Amino acid sequence: MSLRQDIESRIAILDVVNRYTQTKRAGANYKALCPFHQEKTPSFVISPAKNIAKCFGCGKGGGPINFLMEIEQIEYREAVKILAKEAGIELKGFSNKAIPPEKDPYLAHKIATDWYHSHLFSDEGKKALEYLTNRGMTLETIKAFKLGYSSAPRDLLYALKAQGFDISFLKECGIFVNSNRDKFFGRVIFPIANMMGNTVAFTGRILSSGEPKYLNSPASSIFDKSQILYGLHLAKQSIMKCGEVYIVEGQMDTISLHQAGLTNVVGISGTALTPHHIRILKRFSKVVYLMLDSDNAGVQATFASIENLLNQDIEIRIIHIPNGKDPDDYVQSGGNVESLKETALNVVDFYLKMGEKKYDTSTIIGKKQLIETCLRLIKQLKSEVEVDIYMQHIASSLGISIDVLYSTYRRLRLPAHSQKMEDETSSFTPSILDLLAVYLWKYNFFDLFFEKFAYTIEDLSSIEGAGLLVRVLSEKLLDDDTETLNTIILYLEEANPSSSQDIQKKNMMDILNRIHGLLLAKEYKNRSANTPIDVFIKKAKKLGISQSVLKS
């Protein structure tokens, strides 16, 4: 038994999937809304018996290891380490041969994180440590977020070179921009981790006056700011437990709130919530509290976040922090963030509040402009229930007839058009060669196949994509083959749950007939000049194949 097989024999795919999306029993299997793409009808199928999960809408999924790699966007090596630990399997000398250590961006970032963190507690880092403690951070918090300090311009480079990393690779993965100087030299370091807690980038804050106040790592193969939520690796259990998440702008806001005991907080690093952020949060939370800064940039980010959150089956609440403070300042001054939940605004109230600052609602024109602004938001909603609730709220708040409001709403709506239906068709379509492999492997139709097959296994091997079929016939399956076969079986069972073995036998013969057509067409194409066409016409007739294959 291989290491992969050993791990997956001890890890239940349903347990792994349940960490990321809600599943419901559907016969022998379970179904869920796909955690990889947005959909209304569940197309993500989990088979406890086969120990696989697959979305027949987007095609993503697999066994426990492949699923974890996809959902966490991690390498094979990381997924194996995580699941081996859960399974109680000791990894002796395990390494991913595909990625040598000196080419592993995660390892390079881990070494850099540890180096920065250790130097925060050195004599050179005393000033940086005082800065953090003066900001109210405890040593426990500093260690939890692995904060650090860049105390020398080139020492980290020397440390990484000693581990076998070359400068070109370090530039490629974003740790260094040139070989002369650490871009974060003299700055407090905030490591940015992915959902698994692996560092993928850094933010450096200057200690003295100067610009820029913050420096960030560039985008790299493992870091895309639009896909990372700061602190999620520490917050996800709390978010999952309470079903709520607070969204703040920066690292200091996130850290301060965590230290204050509010651990279901993540940061968006100065951007708005992106669709990718939202797909991640939907796995854990049903309520989102937007608590961004009250300056113009923060307000615009709030508006943009709301636009992206609409129609996502997530309740949106906006928290206004008194006196224009940011979350960090508010906590440092003794404020209780959780108490602000009681005055949190819904989407329409936020638009009304912001609109009253922008428009003069004491005038008819100003009130009309505010109504149109709110209605432009409402017309994006797909739920008629939400539309009606918000329409009544606007009518009541602005003292306007609900009938007049609905009349205006209908005029403002976009011209009627056929709404693009969500694509429910499967992007996972097995090839006829792989389908034949499944019929042989699952139903043991080997005798029938060899009785009817008119060519050789060598001929079959010449067709592109026939690898799985050839390995089934030769009984030389690879580690991944069993998962692939089970996935196709799950696909067939979902499409035709009550098909009898006789129907499957007929299906196999139909596929075999098509493969005969492929091989005959290939044979005809490669024929010698003196071979008469009648030979191929007779062969097609004998095999029950249309002569049209000789024209393709």
# chains A, B, ... in the order shown; residues from 1 in each chain; ligands from 1
call {"tool": "closest_atom_pairs", "arguments": {"of": "segment 309-331 of chain A", "to": "segment 373-383 of chain A", "cutoff": "12 Å", "atoms": "only C-alpha atoms", "output": "CSV"}}
result
residue,atom,partner,partner_atom,distance
A:Leu309,CA,A:Leu381,CA,10.6
A:Leu310,CA,A:Leu381,CA,6.8
A:Asn311,CA,A:Leu381,CA,6.2
A:Gln312,CA,A:Leu381,CA,9.9
A:Asp313,CA,A:Ser383,CA,9.7
call {"tool": "select_by_dssp", "arguments": {"residues": "segment 401-485 of chain A", "states": "helix (DSSP H, G or I)", "output": "VMD selection string"}}
result
chain A and resid 402 to 412 432 to 443 446 to 452 457 to 461 467 to 474 479 to 485
call {"tool": "write_last_selection", "arguments": {"atoms": "C-alpha atoms", "output": "mmCIF file, in the first residue's frame"}}
result
data_model
loop_
_atom_site.group_PDB
_atom_site.id
_atom_site.type_symbol
_atom_site.label_atom_id
_atom_site.label_comp_id
_atom_site.auth_asym_id
_atom_site.auth_seq_id
_atom_site.Cartn_x
_atom_site.Cartn_y
_atom_site.Cartn_z
ATOM 1 C CA ILE A 402 -44.812 52.333 -1.550
ATOM 2 C CA ASP A 403 -46.808 52.330 -4.825
ATOM 3 C CA VAL A 404 -44.909 55.344 -6.129
ATOM 4 C CA LEU A 405 -41.631 53.767 -5.044
ATOM 5 C CA TYR A 406 -42.410 50.515 -6.885
ATOM 6 C CA SER A 407 -43.428 52.497 -9.960
ATOM 7 C CA THR A 408 -40.052 54.291 -9.918
ATOM 8 C CA TYR A 409 -38.288 50.993 -9.284
ATOM 9 C CA ARG A 410 -39.865 49.401 -12.352
ATOM 10 C CA ARG A 411 -38.855 52.347 -14.543
ATOM 11 C CA LEU A 412 -35.264 52.189 -13.319
ATOM 12 C CA ILE A 432 -15.129 7.226 -24.174
ATOM 13 C CA LEU A 433 -11.797 5.554 -23.433
ATOM 14 C CA ASP A 434 -12.080 6.300 -19.719
ATOM 15 C CA LEU A 435 -15.737 5.210 -19.731
ATOM 16 C CA LEU A 436 -14.738 1.882 -21.240
ATOM 17 C CA ALA A 437 -12.084 1.492 -18.543
ATOM 18 C CA VAL A 438 -14.796 1.954 -15.914
ATOM 19 C CA TYR A 439 -17.149 -0.597 -17.484
ATOM 20 C CA LEU A 440 -14.336 -3.132 -17.468
ATOM 21 C CA TRP A 441 -13.166 -2.329 -13.944
ATOM 22 C CA LYS A 442 -16.552 -2.027 -12.233
ATOM 23 C CA TYR A 443 -18.612 -4.655 -14.056
ATOM 24 C CA PHE A 446 -13.193 -8.305 -19.558
ATOM 25 C CA ASP A 447 -14.323 -11.566 -21.242
ATOM 26 C CA LEU A 448 -16.880 -9.727 -23.362
ATOM 27 C CA PHE A 449 -14.317 -7.065 -24.288
ATOM 28 C CA PHE A 450 -11.651 -9.525 -25.450
ATOM 29 C CA GLU A 451 -14.282 -11.533 -27.339
ATOM 30 C CA LYS A 452 -15.487 -8.503 -29.311
ATOM 31 C CA ILE A 457 -3.739 -3.513 -26.894
ATOM 32 C CA GLU A 458 -0.807 -2.006 -28.780
ATOM 33 C CA ASP A 459 -3.252 -0.484 -31.282
ATOM 34 C CA LEU A 460 -5.280 0.874 -28.378
ATOM 35 C CA SER A 461 -2.151 2.431 -26.829
ATOM 36 C CA GLY A 467 -3.546 5.392 -20.759
ATOM 37 C CA LEU A 468 -6.131 4.584 -18.076
ATOM 38 C CA LEU A 469 -7.856 1.985 -20.258
ATOM 39 C CA VAL A 470 -4.562 0.281 -21.101
ATOM 40 C CA ARG A 471 -3.558 0.189 -17.414
ATOM 41 C CA VAL A 472 -6.919 -1.364 -16.472
ATOM 42 C CA LEU A 473 -6.500 -4.004 -19.166
ATOM 43 C CA SER A 474 -2.938 -4.746 -18.077
ATOM 44 C CA ASP A 479 -2.140 5.533 -7.286
ATOM 45 C CA ASP A 480 -4.407 8.150 -8.890
ATOM 46 C CA ASP A 481 -6.215 5.684 -11.144
ATOM 47 C CA THR A 482 -8.516 4.260 -8.490
ATOM 48 C CA GLU A 483 -9.705 7.762 -7.593
ATOM 49 C CA THR A 484 -10.271 8.578 -11.271
ATOM 50 C CA LEU A 485 -12.255 5.392 -11.835
#
call {"tool": "residues_around", "arguments": {"residues": "Tyr455 of chain A", "least_positions_apart": "6", "cutoff": "10 Å", "atoms": "only C-alpha atoms", "output": "number ranges by chain"}}
result
A: 515-516, 519-520
call {"tool": "write_last_selection", "arguments": {"atoms": "N, CA and C atoms", "output": "JSON list (two decimals), in the first residue's frame"}}
result
[["chain", "number", "residue", "atom", "x", "y", "z"],
["A", 515, "ILE", "N", -14.92, 3.10, -30.46],
["A", 515, "ILE", "CA", -13.46, 2.95, -30.43],
["A", 515, "ILE", "C", -12.99, 2.18, -31.67],
["A", 516, "HIS", "N", -13.79, 1.18, -32.07],
["A", 516, "HIS", "CA", -13.46, 0.49, -33.32],
["A", 516, "HIS", "C", -13.43, 1.49, -34.48],
["A", 519, "LEU", "N", -10.19, 3.49, -34.38],
["A", 519, "LEU", "CA", -9.03, 2.70, -34.81],
["A", 519, "LEU", "C", -9.07, 2.41, -36.30],
["A", 520, "LEU", "N", -10.28, 2.16, -36.83],
["A", 520, "LEU", "CA", -10.39, 1.91, -38.27],
["A", 520, "LEU", "C", -10.06, 3.18, -39.06]]
call {"tool": "residues_around", "arguments": {"residues": "Val288 of chain A", "least_positions_apart": "6", "cutoff": "8 Å", "atoms": "only C-alpha atoms", "output": "ChimeraX atom specification"}}
result
/A:244-247,314-317
call {"tool": "write_last_selection", "arguments": {"atoms": "C-alpha atoms", "output": "CSV table (one decimal), in the first residue's frame"}}
result
chain,number,residue,atom,x,y,z
A,244,GLU,CA,-20.3,35.5,11.9
A,245,VAL,CA,-17.2,37.4,10.7
A,246,TYR,CA,-15.9,40.9,11.1
A,247,ILE,CA,-14.1,42.5,8.1
A,314,ILE,CA,-25.1,36.3,3.3
A,315,GLU,CA,-26.6,38.8,5.7
A,316,ILE,CA,-24.7,42.1,5.3
A,317,ARG,CA,-24.3,44.4,8.3
call {"tool": "residues_around", "arguments": {"residues": "Gly261 of chain A", "least_positions_apart": "6", "cutoff": "12 Å", "atoms": "only C-alpha atoms", "output": "list in words"}}
result
Thr141, Ala235, Ser238, Thr254, Ile255, Val331, Asn336, Val337 and Glu338 of chain A
call {"tool": "write_last_selection", "arguments": {"atoms": "N, CA and C atoms", "output": "compact mmCIF listing (two decimals), in the first residue's frame"}}
result
# COMPACT_ATOMS: atom_id res chain seq x y z
N THR A 141 0.35 37.84 21.81
CA THR A 141 -0.21 38.25 20.52
C THR A 141 0.88 38.35 19.46
N ALA A 235 -8.55 32.75 12.62
CA ALA A 235 -9.94 33.13 12.89
C ALA A 235 -10.97 32.10 12.44
N SER A 238 -13.21 30.19 15.00
CA SER A 238 -14.16 31.07 15.68
C SER A 238 -15.29 31.48 14.75
N THR A 254 -6.89 43.98 12.72
CA THR A 254 -7.14 42.56 12.95
C THR A 254 -6.50 42.09 14.25
N ILE A 255 -5.24 42.45 14.42
CA ILE A 255 -4.50 41.99 15.60
C ILE A 255 -5.11 42.56 16.88
N VAL A 331 -10.53 50.18 19.91
CA VAL A 331 -10.22 49.18 20.94
C VAL A 331 -9.22 49.73 21.93
N ASN A 336 -15.81 48.78 23.10
CA ASN A 336 -16.26 47.39 22.98
C ASN A 336 -16.91 47.20 21.62
N VAL A 337 -16.20 46.51 20.73
CA VAL A 337 -16.68 46.36 19.36
C VAL A 337 -17.99 45.57 19.30
N GLU A 338 -18.09 44.53 20.11
CA GLU A 338 -19.29 43.70 20.07
C GLU A 338 -20.55 44.49 20.39
